[in-house]
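Engineer: Below is the file data12.cif, with mmCIF, C-alpha atoms.
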data_protein
loop_
_atom_site.group_PDB
_atom_site.id
_atom_site.type_symbol
_atom_site.label_atom_id
_atom_site.label_comp_id
_atom_site.auth_asym_id
_atom_site.auth_seq_id
_atom_site.Cartn_x
_atom_site.Cartn_y
_atom_site.Cartn_z
ATOM 1 C CA MET A 1175 172.252 31.019 -40.761
ATOM 2 C CA PRO A 1176 172.394 27.191 -40.835
ATOM 3 C CA ARG A 1177 171.177 25.275 -37.817
ATOM 4 C CA VAL A 1178 173.863 23.229 -36.116
ATOM 5 C CA ALA A 1179 173.573 19.905 -34.344
ATOM 6 C CA ALA A 1180 176.482 20.364 -31.915
ATOM 7 C CA THR A 1181 178.780 23.085 -30.653
ATOM 8 C CA ALA A 1182 182.197 23.241 -29.035
ATOM 9 C CA ALA A 1183 184.955 25.760 -28.407
ATOM 10 C CA MET A 1184 188.650 25.767 -27.640
ATOM 11 C CA ARG A 1185 191.724 27.901 -28.221
ATOM 12 C CA PRO A 1186 195.211 26.775 -29.246
ATOM 13 C CA ALA A 1187 197.339 25.529 -26.351
ATOM 14 C CA ALA A 1188 199.843 28.378 -26.859
ATOM 15 C CA ARG A 1189 197.286 30.922 -25.652
ATOM 16 C CA LYS A 1190 195.377 30.993 -22.384
ATOM 17 C CA ARG A 1191 192.372 28.692 -22.691
ATOM 18 C CA THR A 1192 189.092 30.448 -21.926
ATOM 19 C CA SER A 1193 186.638 27.857 -23.193
ATOM 20 C CA THR A 1194 186.024 24.142 -22.840
ATOM 21 C CA PRO A 1195 187.031 21.267 -25.125
ATOM 22 C CA VAL A 1196 183.891 19.138 -25.354
ATOM 23 C CA SER A 1197 185.399 16.336 -27.416
ATOM 24 C CA ALA A 1198 188.278 15.600 -25.035
ATOM 25 C CA VAL A 1199 188.053 11.966 -23.997
ATOM 26 C CA GLY A 1200 190.186 9.597 -21.938
ATOM 27 C CA ARG A 1201 193.932 10.215 -21.863
ATOM 28 C CA ARG A 1202 193.697 13.206 -24.241
ATOM 29 C CA ALA A 1203 192.047 15.365 -21.562
ATOM 30 C CA LEU A 1204 194.702 16.862 -19.315
ATOM 31 C CA PRO A 1205 193.776 19.324 -16.526
ATOM 32 C CA ASP A 1206 194.789 22.401 -18.539
ATOM 33 C CA ARG A 1207 194.758 21.291 -22.201
ATOM 34 C CA LEU A 1208 194.254 18.497 -24.715
ATOM 35 C CA ASP A 1209 197.082 16.139 -25.573
ATOM 36 C CA GLY A 1210 197.025 16.527 -29.350
ATOM 37 C CA PRO A 1211 194.826 18.596 -31.636
ATOM 38 C CA ALA A 1212 191.162 19.263 -30.933
ATOM 39 C CA ASP A 1213 188.557 17.214 -32.769
ATOM 40 C CA LEU A 1214 186.244 20.218 -33.105
ATOM 41 C CA VAL A 1215 186.820 23.960 -32.714
ATOM 42 C CA VAL A 1216 184.052 26.567 -32.844
ATOM 43 C CA GLU A 1217 185.130 30.192 -33.227
ATOM 44 C CA ILE A 1218 182.577 32.908 -32.437
ATOM 45 C CA VAL A 1219 183.468 36.119 -34.301
ATOM 46 C CA SER A 1220 183.848 39.128 -32.020
ATOM 47 C CA PRO A 1221 183.258 42.683 -33.288
ATOM 48 C CA ASP A 1222 186.648 43.805 -31.962
ATOM 49 C CA SER A 1223 188.654 40.969 -33.577
ATOM 50 C CA VAL A 1224 186.972 40.105 -36.889
ATOM 51 C CA ALA A 1225 190.203 39.770 -38.913
ATOM 52 C CA ARG A 1226 191.843 37.593 -36.284
ATOM 53 C CA ASP A 1227 188.728 35.457 -35.803
ATOM 54 C CA ARG A 1228 188.097 34.977 -39.536
ATOM 55 C CA ALA A 1229 191.661 34.633 -40.885
ATOM 56 C CA ASP A 1230 194.485 34.239 -38.359
ATOM 57 C CA LYS A 1231 192.781 31.604 -36.230
ATOM 58 C CA PHE A 1232 191.732 29.628 -39.330
ATOM 59 C CA TYR A 1233 195.397 29.072 -40.192
ATOM 60 C CA GLU A 1234 196.419 28.484 -36.572
ATOM 61 C CA TYR A 1235 193.891 25.679 -36.166
ATOM 62 C CA GLN A 1236 194.629 24.230 -39.598
ATOM 63 C CA GLU A 1237 198.354 24.177 -38.829
ATOM 64 C CA GLY A 1238 197.617 22.734 -35.387
ATOM 65 C CA GLY A 1239 195.661 19.840 -36.910
ATOM 66 C CA ALA A 1240 192.186 20.542 -35.478
ATOM 67 C CA ARG A 1241 190.058 18.074 -37.444
ATOM 68 C CA GLU A 1242 186.917 20.209 -37.767
ATOM 69 C CA TYR A 1243 186.582 23.992 -37.594
ATOM 70 C CA TRP A 1244 183.490 26.172 -37.455
ATOM 71 C CA VAL A 1245 183.256 29.952 -37.616
ATOM 72 C CA VAL A 1246 179.998 31.463 -36.358
ATOM 73 C CA ASP A 1247 179.433 35.163 -36.955
ATOM 74 C CA PRO A 1248 176.483 36.454 -34.884
ATOM 75 C CA ARG A 1249 177.013 40.154 -35.655
ATOM 76 C CA PRO A 1250 173.901 41.939 -36.977
ATOM 77 C CA GLY A 1251 173.961 42.024 -40.775
ATOM 78 C CA CYS A 1252 176.819 39.485 -40.892
ATOM 79 C CA GLN A 1253 175.103 36.411 -39.489
ATOM 80 C CA ARG A 1254 176.523 33.219 -40.971
ATOM 81 C CA ALA A 1255 178.197 29.973 -40.071
ATOM 82 C CA ASP A 1256 181.006 28.326 -42.030
ATOM 83 C CA PHE A 1257 182.265 24.766 -41.593
ATOM 84 C CA TRP A 1258 185.536 23.094 -42.592
ATOM 85 C CA LEU A 1259 187.050 19.620 -42.305
ATOM 86 C CA LEU A 1260 190.770 18.884 -42.426
ATOM 87 C CA ASP A 1261 191.671 16.746 -45.438
ATOM 88 C CA THR A 1262 194.434 14.137 -45.634
ATOM 89 C CA ASP A 1263 196.903 16.822 -46.767
ATOM 90 C CA GLY A 1264 196.211 18.922 -43.641
ATOM 91 C CA THR A 1265 194.204 21.597 -45.492
ATOM 92 C CA TYR A 1266 190.712 22.725 -44.496
ATOM 93 C CA GLN A 1267 188.013 22.031 -47.073
ATOM 94 C CA PRO A 1268 184.647 23.838 -46.827
ATOM 95 C CA VAL A 1269 181.655 21.656 -45.988
ATOM 96 C CA PRO A 1270 178.119 22.920 -46.671
ATOM 97 C CA PRO A 1271 175.073 22.210 -44.497
ATOM 98 C CA ASP A 1272 172.679 19.529 -45.764
ATOM 99 C CA PRO A 1273 169.811 20.503 -48.116
ATOM 100 C CA SER A 1274 167.575 21.357 -45.152
ATOM 101 C CA GLY A 1275 170.185 23.827 -43.842
ATOM 102 C CA VAL A 1276 171.407 21.672 -40.949
ATOM 103 C CA TYR A 1277 175.087 20.975 -40.329
ATOM 104 C CA ARG A 1278 176.113 18.045 -38.148
ATOM 105 C CA ALA A 1279 179.580 17.811 -36.666
ATOM 106 C CA SER A 1280 181.579 14.966 -38.138
ATOM 107 C CA LEU A 1281 181.802 13.555 -34.606
ATOM 108 C CA CYS A 1282 177.993 13.236 -34.560
ATOM 109 C CA ARG A 1283 177.545 11.505 -37.897
#
As structure tokens - that is how I would like this structure written.
Structural biologist:
Amino acid sequence: MPRVAATAAMRPAARKRTSTPVSAVGRRALPDRLDGPADLVVEIVSPDSVARDRADKFYEYQEGGAREYWVVDPRPGCQRADFWLLDTDGTYQPVPPDPSGVYRASLCR
């Protein structure tokens, strides 16, 4: 699995938020949500919701305009991390780690 330089997590505003937006700054950070899409979302795949974590949420965040999206799968035998950036057309494009296997969030570059 690639090494990552930063992590974050958040859920769409329509559902109950159970994690913390780490890129919320200034007026975007409201007490219970972000005003506008997240800069970075990290989804950790759960054994009981693999299809939702790998497919449904991908499209939810893409449609919601989250600029960068990571999916980390820690399950034994399935360990991997995938990274996407939203392009100018609003479609996620896969982004590979660098040659040494490290991925840095676009916010950290």
Engineer: Spell out the residues picked by the PyMOL selection byres ((chain A and resi 1231) around 12) here, as a ChimeraX atom specification.
Structural biologist: /A:1184-1186,1189,1215-1219,1223-1230,1232-1238,1240,1243-1245
Engineer: Between A:Leu1260, A:Val1269, A:Val1246, A:Cys1282, single out the one closest to Pro1211 (chain A), counting all atoms listed in the file.
Structural biologist: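 Of the candidates, the smallest distance to Pro1211 (chain A) is held by A:Leu1260.
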Engineer: Please report the interatomic distance between CA of Ala1203 (chain A) and CA of Trp1258 (chain A) in Å with one decimal.
Structural biologist: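 One can read the CA of Ala1203 (chain A) to CA of Trp1258 (chain A) distance as 23.3 Å.
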Engineer: Find the distance between CA of Arg1283 (chain A) and CA of Arg1249 (chain A) and write it in Å to one decimal.
Structural biologist: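 Taking CA of Arg1283 (chain A) as the start and CA of Arg1249 (chain A) as the end point, the length is 28.7 Å.
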Engineer: In Å to one decimal, how far is CA of Tyr1277 (chain A) from CA of Asp1261 (chain A)?
Structural biologist: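 Distance reported for this atom pair: 17.9 Å.
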Engineer: Given the choices A:Pro1271, A:Gly1264, A:Pro1221, A:Gly1239, which gets closest to Cys1252 (chain A) if the distance is worked out from all atoms listed in the file?
Structural biologist: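 Once distances to Cys1252 (chain A) are computed over all atoms listed in the file, the minimum belongs to A:Pro1221.
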Engineer: Between A:Leu1281, A:Val1276, A:Leu1208, A:Leu1259, single out the one closest to Arg1241 (chain A), counting only C-alpha atoms.
Structural biologist: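 Using only C-alpha atoms, the shortest distance to Arg1241 (chain A) belongs to A:Leu1259.
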